[in-house]
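**Student:** Have a look at the structure that comes next, please.
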Amino acid sequence: MQTLDMATTPLREVNATLQAAKDQTNATEWEVLNPRGSHAVAVGLDGPISVTVRGSTGYYTAGMNKQAQVTVAGSAGPGVAENMMSGTVVIEGDASQYAGATGRGGLLVIKGNAASRCGISMKGIDIVVGGNIGHMSAFMAQAGNLVVLGDAGDALGDSLYEARIFVRGSVKSLGADCVEKDMRPEHAEILRDLLARAGIDADPSEFRRYGSARKLYNFNIDNASAY
Amino acid sequence: MCGIVGLFLKDRSLEPELGAMLTDMLVTMTDRGPDSAGIAIYRPAEPGQARMTVQSPDPARDFDALDHDLGEALGCAVSVRVQDTHAVLQMPETRLDAARTALRELRPEVRVMGAGGSVEIFKETGLPADVARRFDIAAMSGSHGIGHTRMATESAVTTLGAHPFSTGADQCLVHNGSLSNHNNLRRRLVQKGMSFETQNDSEVAAAWLTARMQDGADLGQALEDSLNALDGFFTFVVGTRDGFGVLRDPIACKPAVMAETDRYVAFGSEYRAMVNLPGIDTARVWEPEPATVYFWKH
């Protein structure tokens, strides 16, 4: 275990050290101490390393992550795992707004609640939230899966493309062109796999599936009020 | 951007440290807005006495013999405590309105930052650390306070454009965000007889709340109503004589984090602002919901 203490090591040095750990490294276990709400902790990683951040972080934690497994033993500020490509990011506490925004791959697990705009414009990332999510989540989501064990706020999945949304609790309201769909066996299988990878024990049959009605894909004068 | 902070003490033994804790919180938020900074701090009220914080572009001229001149005009004892460009005047609370009128005659360039039984408001252009040092905020005790560091987006960087803005006796407001209908609202408020010092959108929000309360609403109701009247982005923190409140607009894109322990309730634009507070590691930390009024009172 290698330790980086942010009380004594500047953020850029912490990130440069973690970013230098590429494919052929023996130092695969890292611990970051005293983040104290700092922005951009453990961003731009691209190696098969495991990083545990001990404490809560600020904006853009683990942004643009590739390959690495980043765990925040605390809560994360806005934009956690933004534009993640691959790897795993786990938030033990809550996440602020636009968690996992624009993510293209990998798995983001938020064990607590996520605030508004969770998974906005997601493009292939999988997001599993143990608690609730705020309004406008999965807005314009294009691909990937958003799994919510708690409740979803207003306008879930507004202007959705091909991302799948699974919610166990209530949905305050659905956004434009987002509809509830049948949970077929193949969806239950996808959900079972996501829950297992997130380390969360829940029964897929308790969830409802939401997706795009695909009515906004092409201009249709009858839909003018929905655009 | 702008950064806002608030601290409401439940544990009275922390009161001597309020100014120091608020200063630390605000200085941490410096990179959210380095243009100007301000703090409203609520200090122990003395029965029957009121205080008024005033600011002058020429303190040496305006504050010289102000206690004597104002005391003579009001026919009562007035004490003056000068702190840099500001002065805190103390007088019987029954003389507060007369003091506003008299000041316009006696010291036309002096501006009232806020007044009431308890509140003192200090604000200036510059970095939070420098502003706090000029007013020696760290040495101030009090029961609660709010602070703001500004990144100006829609009006000039001036002392009067800095926050907090007074909304009434012992009430003030700090704002992170931007309003899009403030010009229309300002015109309507001017028609109702209100006057404005700046082109600032947050001053309009403060004046709108003041007008609403003059029409009979309490602060909680006025804040609820502001959700319909104000168009734009806002996270507000408001200070009152015995507490403070928080309100975010329904979109809630302006950040807000709160922390609560047995000893205090704290607000910060970011969690970073609160990391030096005692017991923060075990505090309950959460984000206030959109379009929801929160209040804490002594």
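In the structure tokens, each chain is lettered A, B, ... as it comes, each chain's residues begin at 1, and ligands are numbered from 1 in order of appearance.
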Kindly determine which residues of chain A lie within 8 Å of chain B, considering only C-alpha atoms, and give the answer as a ChimeraX atom specification.

**Tutor:** /A:36-38,56-58,77,96-97,115-116

**Student:** May I have all residues of stretch 43-196 of chain B that DSSP, computed from the backbone, assigns to alpha helix (DSSP H), given as a PyMOL selection string?

**Tutor:** chain B and resi 59-63+66-74+96-106+128-135+182-191

**Student:** Of the candidates A:Leu191, A:Ala141, A:Ile49, A:Ile91, which one gets nearest to A:Ala73 if we count only C-alpha atoms?

**Tutor:**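 Of all the options, A:Ile91 lies closest to A:Ala73.
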
**Student:** Need the shell around A:Gly131: protein/DNA/RNA residues with any atom at most 9 Å away, counting only C-alpha atoms. Skip same-chain ones fewer than 2 positions apart. Format as an mmCIF file with all heavy atoms, in the first residue's frame?

**Tutor:**
data_model
loop_
_atom_site.group_PDB
_atom_site.id
_atom_site.type_symbol
_atom_site.label_atom_id
_atom_site.label_comp_id
_atom_site.auth_asym_id
_atom_site.auth_seq_id
_atom_site.Cartn_x
_atom_site.Cartn_y
_atom_site.Cartn_z
ATOM 1 N N ASP A 94 -22.559 9.991 -0.143
ATOM 2 C CA ASP A 94 -23.441 10.586 -1.153
ATOM 3 C C ASP A 94 -22.609 11.215 -2.274
ATOM 4 O O ASP A 94 -21.431 11.512 -2.100
ATOM 5 C CB ASP A 94 -24.292 11.697 -0.521
ATOM 6 C CG ASP A 94 -25.194 11.181 0.593
ATOM 7 O OD1 ASP A 94 -25.623 10.017 0.506
ATOM 8 O OD2 ASP A 94 -25.449 11.946 1.539
ATOM 9 N N ILE A 110 -22.694 4.501 -6.279
ATOM 10 C CA ILE A 110 -22.883 5.499 -5.221
ATOM 11 C C ILE A 110 -23.727 4.820 -4.152
ATOM 12 O O ILE A 110 -24.904 4.496 -4.384
ATOM 13 C CB ILE A 110 -23.588 6.753 -5.772
ATOM 14 C CG1 ILE A 110 -22.705 7.422 -6.839
ATOM 15 C CG2 ILE A 110 -23.908 7.733 -4.647
ATOM 16 C CD1 ILE A 110 -23.466 8.280 -7.815
ATOM 17 N N LYS A 111 -23.141 4.570 -3.001
ATOM 18 C CA LYS A 111 -23.863 3.786 -1.994
ATOM 19 C C LYS A 111 -24.944 4.607 -1.298
ATOM 20 O O LYS A 111 -25.929 4.059 -0.840
ATOM 21 C CB LYS A 111 -22.884 3.194 -0.990
ATOM 22 C CG LYS A 111 -21.970 2.185 -1.686
ATOM 23 C CD LYS A 111 -21.233 1.279 -0.735
ATOM 24 C CE LYS A 111 -20.479 0.207 -1.505
ATOM 25 N NZ LYS A 111 -19.540 -0.549 -0.653
ATOM 26 N N GLY A 112 -24.727 5.923 -1.209
ATOM 27 C CA GLY A 112 -25.743 6.795 -0.619
ATOM 28 C C GLY A 112 -26.656 7.355 -1.684
ATOM 29 O O GLY A 112 -27.028 6.663 -2.631
ATOM 30 N N ASN A 113 -27.002 8.651 -1.523
ATOM 31 C CA ASN A 113 -27.868 9.321 -2.489
ATOM 32 C C ASN A 113 -27.045 10.068 -3.519
ATOM 33 O O ASN A 113 -25.916 10.477 -3.260
ATOM 34 C CB ASN A 113 -28.766 10.334 -1.776
ATOM 35 C CG ASN A 113 -29.641 9.681 -0.726
ATOM 36 O OD1 ASN A 113 -30.258 8.657 -0.980
ATOM 37 N ND2 ASN A 113 -29.671 10.268 0.463
ATOM 38 N N ALA A 114 -27.637 10.276 -4.693
ATOM 39 C CA ALA A 114 -27.038 11.166 -5.696
ATOM 40 C C ALA A 114 -27.996 12.334 -5.893
ATOM 41 O O ALA A 114 -29.208 12.150 -5.875
ATOM 42 C CB ALA A 114 -26.820 10.424 -7.000
ATOM 43 N N VAL A 129 -27.003 3.376 -7.906
ATOM 44 C CA VAL A 129 -27.162 4.270 -6.761
ATOM 45 C C VAL A 129 -27.940 3.529 -5.672
ATOM 46 O O VAL A 129 -29.069 3.076 -5.913
ATOM 47 C CB VAL A 129 -27.912 5.567 -7.171
ATOM 48 C CG1 VAL A 129 -28.041 6.502 -5.965
ATOM 49 C CG2 VAL A 129 -27.193 6.264 -8.316
ATOM 50 N N ILE A 133 -32.096 9.471 -6.187
ATOM 51 C CA ILE A 133 -31.465 10.407 -7.123
ATOM 52 C C ILE A 133 -32.352 11.630 -7.289
ATOM 53 O O ILE A 133 -33.574 11.550 -7.132
ATOM 54 C CB ILE A 133 -31.193 9.779 -8.512
ATOM 55 C CG1 ILE A 133 -32.484 9.249 -9.135
ATOM 56 C CG2 ILE A 133 -30.154 8.670 -8.407
ATOM 57 C CD1 ILE A 133 -32.321 8.806 -10.585
ATOM 58 N N VAL A 148 -31.320 2.499 -9.712
ATOM 59 C CA VAL A 148 -31.595 3.286 -8.508
ATOM 60 C C VAL A 148 -32.381 2.418 -7.530
ATOM 61 O O VAL A 148 -33.489 1.978 -7.838
ATOM 62 C CB VAL A 148 -32.413 4.552 -8.853
ATOM 63 C CG1 VAL A 148 -32.603 5.410 -7.611
ATOM 64 C CG2 VAL A 148 -31.733 5.348 -9.956
ATOM 65 N N LEU A 149 -31.814 2.203 -6.352
ATOM 66 C CA LEU A 149 -32.520 1.374 -5.371
ATOM 67 C C LEU A 149 -33.575 2.164 -4.613
ATOM 68 O O LEU A 149 -34.532 1.600 -4.120
ATOM 69 C CB LEU A 149 -31.521 0.734 -4.400
ATOM 70 C CG LEU A 149 -30.902 -0.534 -5.003
ATOM 71 C CD1 LEU A 149 -29.701 -0.213 -5.857
ATOM 72 C CD2 LEU A 149 -30.569 -1.540 -3.923
ATOM 73 N N GLY A 150 -33.397 3.457 -4.525
ATOM 74 C CA GLY A 150 -34.371 4.297 -3.837
ATOM 75 C C GLY A 150 -35.323 4.948 -4.827
ATOM 76 O O GLY A 150 -35.766 4.315 -5.781
ATOM 77 N N ASP A 151 -35.616 6.239 -4.578
ATOM 78 C CA ASP A 151 -36.590 6.970 -5.394
ATOM 79 C C ASP A 151 -35.872 7.890 -6.384
ATOM 80 O O ASP A 151 -34.744 8.311 -6.149
ATOM 81 C CB ASP A 151 -37.487 7.826 -4.493
ATOM 82 C CG ASP A 151 -38.226 6.981 -3.462
ATOM 83 O OD1 ASP A 151 -38.476 5.797 -3.756
ATOM 84 O OD2 ASP A 151 -38.508 7.509 -2.367
#

**Student:** Would you pick out the contacts of stretch 56-69 of chain B at 12 Å or less, using only C-alpha atoms, so that residues sharing its chain but fewer than 4 positions from it are not included, and give the list as a VMD selection string?

**Tutor:** chain B and resid 73 to 91 99 102 to 113 122 to 124 158 to 160

**Student:** So which residues touch B:Leu18 within 12 Å, counting only C-alpha atoms, skipping near sequence neighbours fewer than 6 positions away, as an NGL selection string?

**Tutor:** :B and (6-12 or 24-25 or 39-43 or 137-147 or 263-264 or 266 or 277-278)

**Student:** Quick one: write out the picked residues with N, CA, C and O atoms as a CSV table (one decimal), in the first residue's frame?

**Tutor:**
chain,number,residue,atom,x,y,z
B,6,GLY,N,-22.4,30.0,5.9
B,6,GLY,CA,-23.2,30.4,7.0
B,6,GLY,C,-22.9,29.5,8.2
B,6,GLY,O,-22.5,28.3,8.1
B,7,LEU,N,-23.0,30.1,9.4
B,7,LEU,CA,-22.7,29.3,10.6
B,7,LEU,C,-23.7,29.7,11.7
B,7,LEU,O,-23.8,30.9,12.0
B,8,PHE,N,-24.4,28.7,12.2
B,8,PHE,CA,-25.4,29.0,13.3
B,8,PHE,C,-25.0,28.1,14.5
B,8,PHE,O,-24.9,26.9,14.4
B,9,LEU,N,-24.7,28.8,15.6
B,9,LEU,CA,-24.2,28.0,16.7
B,9,LEU,C,-25.3,27.6,17.7
B,9,LEU,O,-26.2,28.4,18.0
B,10,LYS,N,-25.3,26.3,18.0
B,10,LYS,CA,-26.2,25.8,19.0
B,10,LYS,C,-25.5,25.8,20.4
B,10,LYS,O,-26.1,26.0,21.4
B,11,ASP,N,-24.2,25.6,20.4
B,11,ASP,CA,-23.4,25.5,21.6
B,11,ASP,C,-22.8,26.9,21.9
B,11,ASP,O,-21.9,27.4,21.2
B,12,ARG,N,-23.3,27.5,22.9
B,12,ARG,CA,-22.9,28.9,23.2
B,12,ARG,C,-21.4,29.1,23.5
B,12,ARG,O,-20.9,30.2,23.4
B,24,ASP,N,-12.5,31.8,8.4
B,24,ASP,CA,-11.8,30.6,7.9
B,24,ASP,C,-12.7,30.0,6.7
B,24,ASP,O,-12.2,29.6,5.7
B,25,MET,N,-14.0,29.9,7.0
B,25,MET,CA,-14.9,29.3,6.0
B,25,MET,C,-14.9,30.1,4.7
B,25,MET,O,-14.8,29.6,3.6
B,39,ILE,N,-19.5,40.0,5.4
B,39,ILE,CA,-20.0,39.1,6.5
B,39,ILE,C,-21.0,39.9,7.3
B,39,ILE,O,-20.9,41.1,7.5
B,40,ALA,N,-22.1,39.2,7.6
B,40,ALA,CA,-23.1,39.7,8.6
B,40,ALA,C,-22.9,38.8,9.8
B,40,ALA,O,-22.9,37.6,9.7
B,41,ILE,N,-22.8,39.5,10.9
B,41,ILE,CA,-22.6,38.7,12.2
B,41,ILE,C,-23.6,39.2,13.2
B,41,ILE,O,-23.9,40.4,13.3
B,42,TYR,N,-24.2,38.2,13.9
B,42,TYR,CA,-25.2,38.6,14.8
B,42,TYR,C,-24.7,38.5,16.2
B,42,TYR,O,-24.2,37.5,16.7
B,43,ARG,N,-24.7,39.6,16.9
B,43,ARG,CA,-24.0,39.8,18.2
B,43,ARG,C,-25.1,40.0,19.3
B,43,ARG,O,-26.2,40.2,19.0
B,137,ILE,N,-12.8,40.7,11.6
B,137,ILE,CA,-13.9,39.8,11.8
B,137,ILE,C,-13.6,38.6,12.7
B,137,ILE,O,-14.4,38.2,13.5
B,138,ALA,N,-12.3,38.1,12.6
B,138,ALA,CA,-11.9,37.0,13.4
B,138,ALA,C,-12.0,37.2,14.9
B,138,ALA,O,-12.2,36.2,15.7
B,139,ALA,N,-12.0,38.4,15.3
B,139,ALA,CA,-12.0,38.7,16.7
B,139,ALA,C,-13.5,38.9,17.2
B,139,ALA,O,-13.7,39.0,18.4
B,140,MET,N,-14.5,38.8,16.3
B,140,MET,CA,-15.8,39.1,16.7
B,140,MET,C,-16.5,37.8,17.2
B,140,MET,O,-16.4,36.7,16.7
B,141,SER,N,-17.3,38.0,18.3
B,141,SER,CA,-18.1,36.9,18.8
B,141,SER,C,-19.5,37.1,18.3
B,141,SER,O,-19.9,38.2,17.9
B,142,GLY,N,-20.3,36.1,18.4
B,142,GLY,CA,-21.7,36.2,18.0
B,142,GLY,C,-22.3,34.8,18.0
B,142,GLY,O,-21.7,33.8,18.3
B,143,SER,N,-23.7,34.8,17.7
B,143,SER,CA,-24.4,33.6,17.8
B,143,SER,C,-24.5,32.9,16.4
B,143,SER,O,-24.7,31.7,16.3
B,144,HIS,N,-24.5,33.7,15.4
B,144,HIS,CA,-24.6,33.2,14.0
B,144,HIS,C,-24.2,34.3,13.0
B,144,HIS,O,-24.1,35.4,13.4
B,145,GLY,N,-23.9,33.8,11.8
B,145,GLY,CA,-23.4,34.8,10.8
B,145,GLY,C,-23.4,34.2,9.4
B,145,GLY,O,-23.5,32.9,9.3
B,146,ILE,N,-23.4,35.0,8.4
B,146,ILE,CA,-23.4,34.6,7.0
B,146,ILE,C,-22.3,35.4,6.3
B,146,ILE,O,-22.0,36.5,6.7
B,147,GLY,N,-21.8,34.8,5.3
B,147,GLY,CA,-20.7,35.5,4.5
B,147,GLY,C,-20.8,35.2,3.0
B,147,GLY,O,-21.4,34.2,2.6
B,263,ARG,N,-23.4,20.9,18.0
B,263,ARG,CA,-22.9,22.2,18.4
B,263,ARG,C,-23.2,23.3,17.4
B,263,ARG,O,-23.1,24.5,17.7
B,264,TYR,N,-23.5,23.0,16.1
B,264,TYR,CA,-23.8,24.0,15.1
B,264,TYR,C,-24.5,23.5,13.9
B,264,TYR,O,-24.6,22.2,13.7
B,266,ALA,N,-24.0,24.4,9.8
B,266,ALA,CA,-23.2,25.1,8.9
B,266,ALA,C,-23.6,25.0,7.5
B,266,ALA,O,-24.2,24.0,7.1
B,277,LEU,N,-14.3,22.9,10.7
B,277,LEU,CA,-15.2,23.0,11.9
B,277,LEU,C,-15.0,21.9,12.8
B,277,LEU,O,-14.7,20.7,12.4
B,278,PRO,N,-15.2,22.1,14.1
B,278,PRO,CA,-15.0,21.0,15.1
B,278,PRO,C,-16.0,19.9,14.9
B,278,PRO,O,-17.2,20.1,14.6

**Student:** Using only C-alpha atoms, which residues sit within 9 Å of B:Gly220 once same-chain residues fewer than 3 positions away are excluded, as a list in words?

**Tutor:**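 Using only C-alpha atoms, the neighbours found are Ala217, Leu223, Glu224, Asp225, Gly245, Val293, Tyr294 and Phe295 of chain B.
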
**Student:** I'd like the neighbourhood of B:Thr235 as a list of chain:residue names, where a residue qualifies if any of its atoms comes within 6 Å (using only C-alpha atoms), though same-chain residues fewer than 3 positions away should be ignored.

**Tutor:**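 Skipping anything fewer than 3 positions along the chain leaves B:His175, B:Asn176, B:Leu247, B:Arg248.
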
**Student:** Rounded to one decimal, what separation in Å do you get between atom CA of B:Ser118 and atom CA of B:Met52?

**Tutor:** 9.1 Å

**Student:** Report, in Å with one decimal, the straight-line distance from atom CA of B:Thr30 to atom CA of B:Pro128.

**Tutor:** 6.3 Å

**Student:** Name the residues of stretch 1-220 of chain A that fall into strand (DSSP E) according to DSSP on the backbone, using the chain letters and numbers of this document, as number ranges by chain.

**Tutor:** A: 2-5, 29-33, 50-54, 69-72, 88-91, 107-110, 123-129, 143-148, 164-167, 178-181, 208-212

**Student:** What's the separation between atom CA of A:Ala138 and atom CA of A:Leu216, in Å to one decimal place?

**Tutor:** 15.6 Å
